[in-house]
Amino acid sequence: MKKRPVISIRQTPSIREKVYQVIREEILNGRIEPGERIVETRLAQQIKTSRTPVREALHTLEREGLLESIPRVGYRVKRINWDEVEEICEIRSVNETLAVLWAIERITPEGIRELEENLERSEKVVEEGNVKGFVKLDGEFHGILARASGSVRLSELCEMLRRLMLRYRIESIFLPETARGAIEGHARIVDCIKRKDKEDASKAMRAHLEYAKHSVRRHAFEERRQKNTSEKQE
């Protein structure tokens, strides 16, 4: 019997995934503003692709909470809502605290090295003034920690909530002082994991996420409100 040749398939990002990443980046960076209507045909023309991957990407972004569907109109970017921020932060605190407790029991020496290397790279990019580079490293830190918990479901939940929170944090996390505060929180968490101190680890994670919540309130809500008030007075 003739032996069949091995078929090799090279994994490449799909068009839908690429379109999704482009639109998501535009929303998170504020280039598509809260409340702005998204027209599927116009977006497809701008990205230079067909409407199908755009439609699929918009469905995904709606599920993630970045867009809301308007009957007979299409989609628009969800407006930033403080009650939603508080809700996400509370749920995230419960999940990520559990993740760090399980990580203390299950993390490998390689996992600890990953966290330490992430800290070193984070400090370096912020010192170099590349604060936007820290956004990716921040996500990687929490991803390493969630995977170290040993639970795929918990890791997926943590990632979903972190993505939702990023929309609100994007304005504050780009500031050097906020990034440095986040890195200090990461360092405290790593120290607790290395000492296998569950009580301190719980406190460190909750304090870290509380810091994130306060930075969002200050930069994404209070300063914006003050700016809008001063513009109206002018």
# chains A, B, ... in the order shown; residues from 1 in each chain; ligands from 1

$ select_by_dssp --residues "region 9-133 of chain A" --states "strand (DSSP E)" --output "list in words"
Arg37, Ile38, Leu67, Glu68, Ser69, Ile70, Gly74, Tyr75, Arg76 and Val77 of chain A

$ atom_distance --atom1 "CA of Arg76 (chain A)" --atom2 "CA of Arg162 (chain A)"
21.3 Å

$ residues_around --residues "Glu117 (chain A)" --least-positions-apart "3" --cutoff "12 Å" --atoms "only C-alpha atoms" --output "CSV table (one decimal) with all heavy atoms, in the first residue's frame"
chain,number,residue,atom,x,y,z
A,110,GLU,N,9.9,27.0,37.2
A,110,GLU,CA,9.9,27.7,35.9
A,110,GLU,C,8.8,28.8,35.9
A,110,GLU,O,9.0,29.9,35.3
A,110,GLU,CB,9.6,26.7,34.8
A,110,GLU,CG,10.7,25.7,34.5
A,110,GLU,CD,10.7,24.6,35.5
A,110,GLU,OE1,9.8,24.4,36.3
A,110,GLU,OE2,11.8,23.9,35.5
A,111,GLY,N,7.7,28.6,36.6
A,111,GLY,CA,6.6,29.6,36.7
A,111,GLY,C,7.1,30.8,37.4
A,111,GLY,O,6.8,31.9,37.1
A,112,ILE,N,7.8,30.6,38.5
A,112,ILE,CA,8.3,31.7,39.3
A,112,ILE,C,9.3,32.5,38.5
A,112,ILE,O,9.4,33.7,38.6
A,112,ILE,CB,9.0,31.1,40.6
A,112,ILE,CG1,7.9,30.6,41.6
A,112,ILE,CG2,9.8,32.2,41.4
A,112,ILE,CD1,8.3,29.9,42.8
A,113,ARG,N,10.2,31.8,37.8
A,113,ARG,CA,11.1,32.5,36.9
A,113,ARG,C,10.4,33.3,35.9
A,113,ARG,O,10.9,34.4,35.6
A,113,ARG,CB,12.1,31.5,36.2
A,113,ARG,CG,13.3,31.0,37.1
A,113,ARG,CD,14.4,30.4,36.3
A,113,ARG,NE,14.0,29.2,35.6
A,113,ARG,CZ,14.0,28.0,36.2
A,113,ARG,NH1,14.5,27.9,37.5
A,113,ARG,NH2,13.7,26.9,35.5
A,114,GLU,N,9.3,32.8,35.3
A,114,GLU,CA,8.6,33.6,34.4
A,114,GLU,C,8.1,34.9,35.0
A,114,GLU,O,8.1,36.0,34.4
A,114,GLU,CB,7.4,32.8,33.8
A,114,GLU,CG,7.7,31.8,32.7
A,114,GLU,CD,6.4,31.2,32.2
A,114,GLU,OE1,5.8,31.8,31.3
A,114,GLU,OE2,6.0,30.1,32.6
A,120,GLU,N,11.2,42.1,35.6
A,120,GLU,CA,12.4,42.8,35.1
A,120,GLU,C,12.1,43.5,33.8
A,120,GLU,O,12.5,44.6,33.6
A,120,GLU,CB,13.5,41.7,34.9
A,120,GLU,CG,14.1,41.2,36.2
A,120,GLU,CD,15.1,40.0,36.0
A,120,GLU,OE1,15.4,39.8,34.8
A,120,GLU,OE2,15.5,39.4,36.9
A,121,ARG,N,11.4,42.8,32.9
A,121,ARG,CA,11.1,43.5,31.6
A,121,ARG,C,10.1,44.6,31.8
A,121,ARG,O,10.2,45.7,31.1
A,121,ARG,CB,10.5,42.4,30.7
A,121,ARG,CG,11.5,41.5,30.1
A,121,ARG,CD,10.9,40.6,29.0
A,121,ARG,NE,10.0,39.6,29.6
A,121,ARG,CZ,8.9,39.2,29.1
A,121,ARG,NH1,8.4,39.7,28.0
A,121,ARG,NH2,8.2,38.2,29.7
A,122,SER,N,9.2,44.5,32.7
A,122,SER,CA,8.2,45.6,33.0
A,122,SER,C,8.9,46.8,33.5
A,122,SER,O,8.7,48.0,33.1
A,122,SER,CB,7.2,45.1,34.0
A,122,SER,OG,6.4,44.1,33.5
A,123,GLU,N,9.9,46.6,34.5
A,123,GLU,CA,10.6,47.8,35.0
A,123,GLU,C,11.4,48.4,33.9
A,123,GLU,O,11.5,49.7,33.9
A,123,GLU,CB,11.5,47.3,36.1
A,123,GLU,CG,10.7,46.9,37.4
A,123,GLU,CD,11.6,46.1,38.4
A,123,GLU,OE1,12.8,45.8,38.1
A,123,GLU,OE2,11.1,45.9,39.5
A,124,LYS,N,12.0,47.6,33.0
A,124,LYS,CA,12.9,48.1,32.0
A,124,LYS,C,12.1,49.0,31.0
A,124,LYS,O,12.5,50.1,30.6
A,124,LYS,CB,13.6,47.0,31.2
A,124,LYS,CG,14.5,47.4,30.2
A,124,LYS,CD,15.2,46.3,29.5
A,124,LYS,CE,16.2,46.7,28.4
A,124,LYS,NZ,16.8,45.6,27.7
A,137,LEU,N,2.8,43.5,29.0
A,137,LEU,CA,3.5,42.7,30.0
A,137,LEU,C,2.6,42.6,31.3
A,137,LEU,O,2.7,41.6,32.0
A,137,LEU,CB,4.8,43.5,30.4
A,137,LEU,CG,5.9,43.4,29.4
A,137,LEU,CD1,7.0,44.4,29.7
A,137,LEU,CD2,6.5,42.0,29.3
A,140,GLU,N,0.5,39.7,30.5
A,140,GLU,CA,1.2,38.5,30.6
A,140,GLU,C,1.5,38.0,32.0
A,140,GLU,O,1.4,36.9,32.4
A,140,GLU,CB,2.6,38.7,29.9
A,140,GLU,CG,2.5,38.7,28.4
A,140,GLU,CD,3.9,38.9,27.7
A,140,GLU,OE1,4.9,39.0,28.5
A,140,GLU,OE2,3.9,39.1,26.5
A,141,PHE,N,1.7,39.0,32.9
A,141,PHE,CA,1.9,38.7,34.3
A,141,PHE,C,0.7,38.0,34.9
A,141,PHE,O,0.8,36.9,35.5
A,141,PHE,CB,2.2,40.0,35.1
A,141,PHE,CG,2.4,39.7,36.6
A,141,PHE,CD1,3.6,39.5,37.1
A,141,PHE,CD2,1.3,39.8,37.5
A,141,PHE,CE1,3.8,39.2,38.5
A,141,PHE,CE2,1.4,39.5,38.9
A,141,PHE,CZ,2.7,39.3,39.4
A,144,ILE,N,0.3,34.4,33.4
A,144,ILE,CA,1.2,33.5,34.0
A,144,ILE,C,0.7,33.0,35.4
A,144,ILE,O,0.7,31.8,35.7
A,144,ILE,CB,2.6,34.1,34.2
A,144,ILE,CG1,3.3,34.4,32.9
A,144,ILE,CG2,3.5,33.1,35.0
A,144,ILE,CD1,4.5,35.3,33.0
A,186,HIS,N,2.8,43.9,41.6
A,186,HIS,CA,3.2,42.6,41.0
A,186,HIS,C,4.3,42.1,41.9
A,186,HIS,O,4.4,40.9,42.2
A,186,HIS,CB,3.7,42.8,39.6
A,186,HIS,CG,2.6,43.0,38.6
A,186,HIS,ND1,2.8,43.3,37.3
A,186,HIS,CD2,1.2,43.1,38.8
A,186,HIS,CE1,1.6,43.5,36.7
A,186,HIS,NE2,0.6,43.4,37.6
A,187,ALA,N,5.3,42.9,42.2
A,187,ALA,CA,6.5,42.5,43.0
A,187,ALA,C,6.0,41.9,44.4
A,187,ALA,O,6.6,40.9,44.8
A,187,ALA,CB,7.4,43.7,43.2
A,190,VAL,N,4.6,38.4,43.9
A,190,VAL,CA,5.6,37.4,43.6
A,190,VAL,C,6.4,37.1,44.9
A,190,VAL,O,6.6,35.9,45.1
A,190,VAL,CB,6.6,37.9,42.5
A,190,VAL,CG1,7.8,37.0,42.4
A,190,VAL,CG2,5.9,38.1,41.2

$ atom_distance --atom1 "CA of Val73 (chain A)" --atom2 "CA of Glu33 (chain A)"
17.3 Å

$ residues_around --residues "Arg206 (chain A)" --least-positions-apart "6" --cutoff "12 Å" --atoms "only C-alpha atoms" --output "VMD selection string"
chain A and resid 89 to 100 185 to 186 188 to 189 199 to 200 212 to 213

$ closest_residue --among "A:Ser155, A:Tyr20, A:Glu25, A:Ile32" --to "Ala44 (chain A)" --atoms "only C-alpha atoms"
A:Tyr20

$ select_by_dssp --residues "region 45-150 of chain A" --states "helix (DSSP H, G or I)" --output "ChimeraX atom specification"
/A:45-47,51-63,82-106,109-127,131-148

$ closest_atom_pairs --of "region 69-142 of chain A" --to "region 50-59 of chain A" --cutoff "10 Å" --atoms "only C-alpha atoms" --output "Markdown table"
| residue | atom | partner | partner_atom | distance |
| --- | --- | --- | --- | --- |
| A:Ser69 | CA | A:His59 | CA | 8.9 |
| A:Gly74 | CA | A:Leu58 | CA | 9.5 |
| A:Tyr75 | CA | A:Leu58 | CA | 7.8 |
| A:Arg76 | CA | A:Leu58 | CA | 9.8 |

$ write_last_selection --atoms "C-alpha atoms" --output "PDB file, in the first residue's frame"
ATOM      1  CA  SER A  69     -26.134  45.861  19.470  1.00  0.00           C
ATOM      2  CA  GLY A  74     -25.922  47.852  14.030  1.00  0.00           C
ATOM      3  CA  TYR A  75     -23.394  48.355  16.797  1.00  0.00           C
ATOM      4  CA  ARG A  76     -21.965  51.132  18.901  1.00  0.00           C
TER       5      ARG A  76
END

$ residues_around --residues "Thr108 (chain A)" --least-positions-apart "4" --cutoff "12 Å" --atoms "only C-alpha atoms" --output "compact mmCIF listing (two decimals) with N, CA, C and O atoms, in the first residue's frame"
# COMPACT_ATOMS: atom_id res chain seq x y z
N TRP A 102 -4.14 29.16 44.66
CA TRP A 102 -3.87 27.87 44.02
C TRP A 102 -2.47 27.85 43.41
O TRP A 102 -1.81 26.81 43.39
N ALA A 103 -2.03 28.99 42.92
CA ALA A 103 -0.68 29.08 42.34
C ALA A 103 0.39 28.79 43.38
O ALA A 103 1.41 28.15 43.09
N ILE A 104 0.17 29.23 44.61
CA ILE A 104 1.13 28.98 45.69
C ILE A 104 1.32 27.47 45.89
O ILE A 104 2.42 26.99 46.16
N ILE A 112 7.80 30.56 38.52
CA ILE A 112 8.33 31.66 39.33
C ILE A 112 9.34 32.47 38.53
O ILE A 112 9.36 33.70 38.59
N ARG A 113 10.17 31.76 37.76
CA ARG A 113 11.14 32.47 36.92
C ARG A 113 10.44 33.33 35.87
O ARG A 113 10.88 34.45 35.58
N GLU A 114 9.35 32.83 35.33
CA GLU A 114 8.57 33.60 34.35
C GLU A 114 8.05 34.90 34.98
O GLU A 114 8.11 35.96 34.36
N LEU A 115 7.55 34.79 36.20
CA LEU A 115 7.04 35.98 36.89
C LEU A 115 8.17 36.98 37.16
O LEU A 115 8.00 38.19 36.97
N ILE A 144 0.29 34.45 33.41
CA ILE A 144 1.22 33.46 34.02
C ILE A 144 0.66 32.99 35.35
O ILE A 144 0.65 31.79 35.67
N LEU A 145 0.19 33.94 36.14
CA LEU A 145 -0.33 33.64 37.47
C LEU A 145 -1.57 32.75 37.39
O LEU A 145 -1.71 31.77 38.13
N ARG A 147 -2.49 30.76 34.90
CA ARG A 147 -2.13 29.41 34.43
C ARG A 147 -1.46 28.59 35.53
O ARG A 147 -1.64 27.38 35.61
N ALA A 148 -0.71 29.29 36.38
CA ALA A 148 -0.03 28.59 37.49
C ALA A 148 -1.01 28.03 38.50
O ALA A 148 -0.66 27.15 39.29
N SER A 149 -2.26 28.51 38.46
CA SER A 149 -3.29 27.98 39.38
C SER A 149 -3.62 26.53 39.04
O SER A 149 -4.14 25.80 39.87
N GLY A 150 -3.32 26.13 37.78
CA GLY A 150 -3.60 24.77 37.37
C GLY A 150 -5.02 24.54 36.89
O GLY A 150 -5.39 23.42 36.53
N ILE A 193 4.26 34.69 46.87
CA ILE A 193 4.25 33.35 46.27
C ILE A 193 5.54 32.61 46.62
O ILE A 193 5.51 31.42 46.98
N LYS A 194 6.66 33.30 46.53
CA LYS A 194 7.96 32.67 46.84
C LYS A 194 8.04 32.26 48.30
O LYS A 194 8.65 31.25 48.64
